[in-house]
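Everything below belongs to run15.txt, which stores compact mmCIF, C-alpha atoms.
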# COMPACT_ATOMS: atom_id res chain seq x y z
CA MET A 61 47.78 -68.44 -196.04
CA ALA A 62 46.00 -69.61 -192.88
CA GLN A 63 43.45 -67.29 -191.35
CA GLN A 64 43.94 -66.41 -187.67
CA VAL A 65 41.08 -66.80 -185.23
CA ASP A 66 40.50 -63.89 -182.86
CA THR A 67 40.16 -65.83 -179.60
CA PHE A 68 40.43 -62.71 -177.44
CA GLY A 69 37.53 -61.16 -179.36
CA VAL A 70 35.45 -64.26 -178.64
CA TYR A 71 36.43 -63.95 -174.96
CA VAL A 72 35.35 -60.28 -174.88
CA ARG A 73 31.98 -61.09 -176.48
CA ASP A 74 31.46 -63.91 -173.96
CA ARG A 75 32.24 -61.54 -171.09
CA LEU A 76 29.77 -58.99 -172.48
CA GLU A 77 27.09 -61.68 -172.84
CA GLU A 78 27.70 -62.77 -169.23
CA TRP A 79 27.42 -59.14 -168.10
CA GLY A 80 24.16 -58.81 -170.02
CA ARG A 81 22.66 -61.82 -168.26
CA GLU A 82 23.70 -60.58 -164.82
CA PHE A 83 22.60 -56.96 -165.33
CA ALA A 84 19.52 -57.70 -167.46
CA LEU A 85 17.18 -54.73 -167.63
CA HIS A 86 14.05 -56.84 -167.13
CA ARG A 87 15.33 -57.88 -163.67
CA ASP A 88 15.20 -54.32 -162.32
CA CYS A 89 12.03 -54.79 -160.28
CA GLU A 90 13.93 -56.77 -157.64
CA TYR A 91 16.67 -54.14 -157.47
CA LEU A 92 14.26 -51.21 -157.22
CA GLY A 93 12.77 -52.37 -153.93
CA HIS A 94 9.53 -53.97 -155.09
CA ARG A 95 8.47 -56.66 -152.69
CA SER A 96 9.17 -60.09 -154.04
CA LYS A 97 7.65 -61.87 -151.00
CA ASP A 98 4.77 -61.05 -148.73
CA MET A 99 4.52 -61.94 -145.03
CA LEU A 100 2.64 -65.17 -145.70
CA GLN A 101 5.36 -66.39 -148.08
CA VAL A 102 8.04 -65.62 -145.46
CA LEU A 103 6.11 -67.64 -142.83
CA VAL A 104 5.70 -70.58 -145.22
CA GLU A 105 9.44 -70.59 -146.02
CA HIS A 106 10.34 -70.54 -142.32
CA ARG A 107 7.76 -73.20 -141.37
CA GLY A 108 5.55 -70.91 -139.34
CA GLU A 109 8.32 -69.25 -137.37
CA MET A 110 9.08 -65.58 -137.76
CA PRO A 111 12.66 -65.14 -139.04
CA PRO A 112 15.06 -63.06 -136.96
CA LYS A 113 15.09 -59.35 -137.57
CA VAL A 114 17.56 -58.28 -140.21
CA VAL A 115 20.38 -56.23 -138.76
CA GLY A 116 22.46 -53.87 -140.85
CA PHE A 117 22.68 -53.31 -144.57
CA LYS A 118 23.89 -56.05 -146.88
CA PRO A 119 24.84 -54.70 -150.30
CA MET A 120 23.65 -56.47 -153.40
CA GLU A 121 26.19 -59.09 -154.41
CA THR A 122 27.24 -59.58 -158.01
CA PRO A 123 29.82 -61.94 -159.46
CA PRO A 124 33.20 -60.22 -159.96
CA MET A 125 33.52 -60.86 -163.73
CA PRO A 126 30.21 -59.19 -164.73
CA GLN A 127 30.87 -56.43 -162.17
CA GLN A 128 34.18 -55.69 -163.89
CA ILE A 129 32.35 -55.17 -167.21
CA GLU A 130 29.73 -53.03 -165.43
CA ASP A 131 32.51 -50.83 -164.06
CA ILE A 132 34.03 -50.49 -167.55
CA VAL A 133 30.66 -49.56 -169.09
CA CYS A 134 30.04 -47.03 -166.28
CA GLU A 135 33.41 -45.47 -167.03
CA ILE A 136 32.52 -45.28 -170.74
CA ALA A 137 29.26 -43.54 -169.74
CA ARG A 138 31.24 -40.75 -168.06
CA TYR A 139 32.50 -39.43 -171.41
CA ASN A 140 30.22 -41.11 -173.99
CA LEU A 141 26.78 -41.78 -172.57
CA SER A 142 25.21 -42.80 -175.86
CA ARG A 143 27.82 -45.55 -176.35
CA ALA A 144 27.16 -46.92 -172.87
CA VAL A 145 23.40 -46.76 -173.52
CA VAL A 146 23.83 -48.78 -176.71
CA LEU A 147 26.00 -51.38 -174.96
CA ARG A 148 23.48 -51.70 -172.13
CA ALA A 149 20.52 -52.05 -174.51
CA TYR A 150 22.40 -54.46 -176.81
CA TYR A 151 23.57 -56.86 -174.09
CA CYS A 152 21.15 -56.29 -171.18
CA GLY A 153 17.95 -55.89 -173.17
CA ARG A 154 15.43 -58.48 -174.33
CA GLY A 155 14.40 -59.56 -177.79
CA ARG A 156 16.12 -59.27 -181.15
CA ARG A 157 19.15 -57.01 -181.11
CA GLY A 158 18.27 -55.20 -184.31
CA VAL A 159 14.67 -54.47 -183.34
CA GLU A 160 13.62 -54.57 -179.68
CA ARG A 161 17.05 -53.73 -178.31
CA PHE A 162 17.43 -50.89 -180.80
CA ASP A 163 14.13 -49.51 -179.50
CA MET A 164 15.38 -50.02 -175.92
CA ALA A 165 18.52 -48.02 -176.75
CA ASN A 166 16.36 -45.14 -177.92
CA GLU A 167 14.18 -45.36 -174.81
CA LEU A 168 17.25 -45.25 -172.59
CA ALA A 169 18.69 -42.37 -174.64
CA MET A 170 15.47 -40.37 -174.31
CA GLY A 171 15.51 -41.06 -170.56
CA HIS A 172 18.91 -39.34 -170.45
CA SER A 173 17.76 -36.46 -172.70
CA LEU A 174 19.94 -37.68 -175.57
CA PRO A 175 18.87 -37.37 -179.20
CA ARG A 176 17.33 -40.36 -180.97
CA ILE A 177 19.94 -42.86 -182.15
CA ALA A 178 19.88 -43.78 -185.84
CA ARG A 179 20.17 -47.47 -186.69
CA SER A 180 23.56 -47.05 -188.40
CA ARG A 181 24.87 -45.14 -185.38
CA TYR A 182 23.48 -47.83 -183.09
CA TYR A 183 25.60 -50.48 -184.78
CA SER A 184 28.70 -48.31 -185.01
CA GLU A 185 28.43 -47.29 -181.32
CA HIS A 186 28.09 -50.97 -180.46
CA GLU A 187 31.25 -51.90 -182.38
CA LEU A 188 33.19 -48.98 -180.87
CA GLY A 189 31.94 -49.90 -177.40
CA VAL A 190 33.06 -53.50 -177.82
CA ALA A 191 36.45 -52.24 -179.00
CA GLU A 192 36.74 -50.03 -175.90
CA VAL A 193 35.82 -52.87 -173.55
CA ARG A 194 38.31 -55.07 -175.41
CA GLY A 195 41.03 -52.45 -174.98
CA VAL A 196 40.43 -52.15 -171.24
CA LEU A 197 40.39 -55.93 -170.78
CA LEU A 198 43.56 -56.24 -172.84
CA GLY A 199 45.23 -53.57 -170.70
CA LEU A 200 44.17 -55.37 -167.53
CA ALA A 201 45.46 -58.67 -168.87
CA ARG A 202 48.82 -57.16 -169.77
CA ALA A 203 49.10 -55.41 -166.41
CA ALA A 204 48.53 -58.66 -164.52
How does the structure come out when it is put into structure tokens?
Amino acid sequence: MAQQVDTFGVYVRDRLEEWGREFALHRDCEYLGHRSKDMLQVLVEHRGEMPPKVVGFKPMETPPMPQQIEDIVCEIARYNLSRAVVLRAYYCGRGRRGVERFDMANELAMGHSLPRIARSRYYSEHELGVAEVRGVLLGLARAA
């Protein structure tokens, strides 16, 4: 009997990987308001002319596909914060998933006053989180 390939599962993992690249935790310094350019750099970029004064607030722009996954993970965090923490550490963290990202998950959990996550729970929360994201994406696909 021929074995079926789970193409939707591959699609979900690809979407999660794309979300992880867009919302990578090591990119937070730009989002937190640290200056990325000083006045001299601005003058060099504008060839000695002062740029016009910025008027109004422009929100940070993100691509719609990763933003959709971010919204799903934020919704998961409303009722299961540890699962959302594991998903964020697993896909948005740096390093090996079983080592550095496991440690990142525990750092994020401690930041939210959650108990330390055991390694077996880390992997099971990851699988359950992927299944939840898959379910939401499947529901959205069927509704469209």
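When atom CA of Ile129 of chain A is paired with atom CA of Ala204 of chain A, their separation reads 16.8 Å.
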Listed atoms of segment 119-128 of chain A boxed along x, y and z, 4 Å each side, centre and edge lengths in Å, one decimal, as JSON:
{"center_x": 28.9, "center_y": -58.3, "center_z": -157.5, "size_x": 18.5, "size_y": 15.2, "size_z": 22.4}
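Residues of protein, DNA or RNA having at least one counted atom within 10 Å of (17.4, -54.2, -167.9), given all atoms listed in the file, are Gly80, Arg81, Glu82, Phe83, Ala84, Leu85, His86, Arg87, Asp88, Cys89, Arg148, Ala149, Tyr151, Cys152, Gly153, Arg154 and Met164 of chain A.
Closest approach to Ile132 of chain A among A:Val65, A:Ile177, A:Leu200, A:Val193 is made by A:Val193 (distances from only C-alpha atoms).
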Quick one: of A:Arg143, A:Arg107, A:Arg138, A:Arg75, who's nearest to Glu185 of chain A, counting only C-alpha atoms? A:Arg143
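Pairwise distance (atom CA of Val146 of chain A, atom CA of Tyr182 of chain A) equals 6.5 Å.
Atom CA of Thr122 of chain A lies 24.6 Å from atom CA of Asn140 of chain A.
Compared by their closest atoms to Leu147 of chain A, and using only C-alpha atoms, the residues A:Asp163, A:Glu78, A:Glu187, A:Asp66 rank with A:Glu187 nearest.
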So which residues touch Glu130 of chain A within 9 Å, counting all atoms listed in the file, skipping near sequence neighbours fewer than 5 positions away, as a PyMOL selection string? chain A and resi 79+83+125+135
Taking (35.0, -55.2, -177.7) in the file's coordinates, which residues come within 9 Å, counting all atoms listed in the file, written as a VMD selection string? chain A and resid 69 72 to 73 76 186 to 197
Could you write out the selected residues, including C-alpha atoms, as a PDB file, in the coordinates of the input?
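Below you can see out32.pdb, which holds the result:
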ATOM      1  CA  GLY A  69      37.530 -61.160-179.360  1.00  0.00           C
ATOM      2  CA  VAL A  72      35.350 -60.280-174.880  1.00  0.00           C
ATOM      3  CA  ARG A  73      31.980 -61.090-176.480  1.00  0.00           C
ATOM      4  CA  LEU A  76      29.770 -58.990-172.480  1.00  0.00           C
ATOM      5  CA  HIS A 186      28.090 -50.970-180.460  1.00  0.00           C
ATOM      6  CA  GLU A 187      31.250 -51.900-182.380  1.00  0.00           C
ATOM      7  CA  LEU A 188      33.190 -48.980-180.870  1.00  0.00           C
ATOM      8  CA  GLY A 189      31.940 -49.900-177.400  1.00  0.00           C
ATOM      9  CA  VAL A 190      33.060 -53.500-177.820  1.00  0.00           C
ATOM     10  CA  ALA A 191      36.450 -52.240-179.000  1.00  0.00           C
ATOM     11  CA  GLU A 192      36.740 -50.030-175.900  1.00  0.00           C
ATOM     12  CA  VAL A 193      35.820 -52.870-173.550  1.00  0.00           C
ATOM     13  CA  ARG A 194      38.310 -55.070-175.410  1.00  0.00           C
ATOM     14  CA  GLY A 195      41.030 -52.450-174.980  1.00  0.00           C
ATOM     15  CA  VAL A 196      40.430 -52.150-171.240  1.00  0.00           C
ATOM     16  CA  LEU A 197      40.390 -55.930-170.780  1.00  0.00           C
TER      17      LEU A 197
END
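Counting all atoms listed in the file and comparing A:Gly199, A:Ser142, A:Glu109, A:Pro123, the residue that lies closest to Glu167 of chain A is A:Ser142.
Near Arg176 of chain A, within 7 Å and counting all atoms listed in the file, sit A:Asn166, A:Ala169, A:Met170; same-chain residues fewer than 3 positions away were not included.
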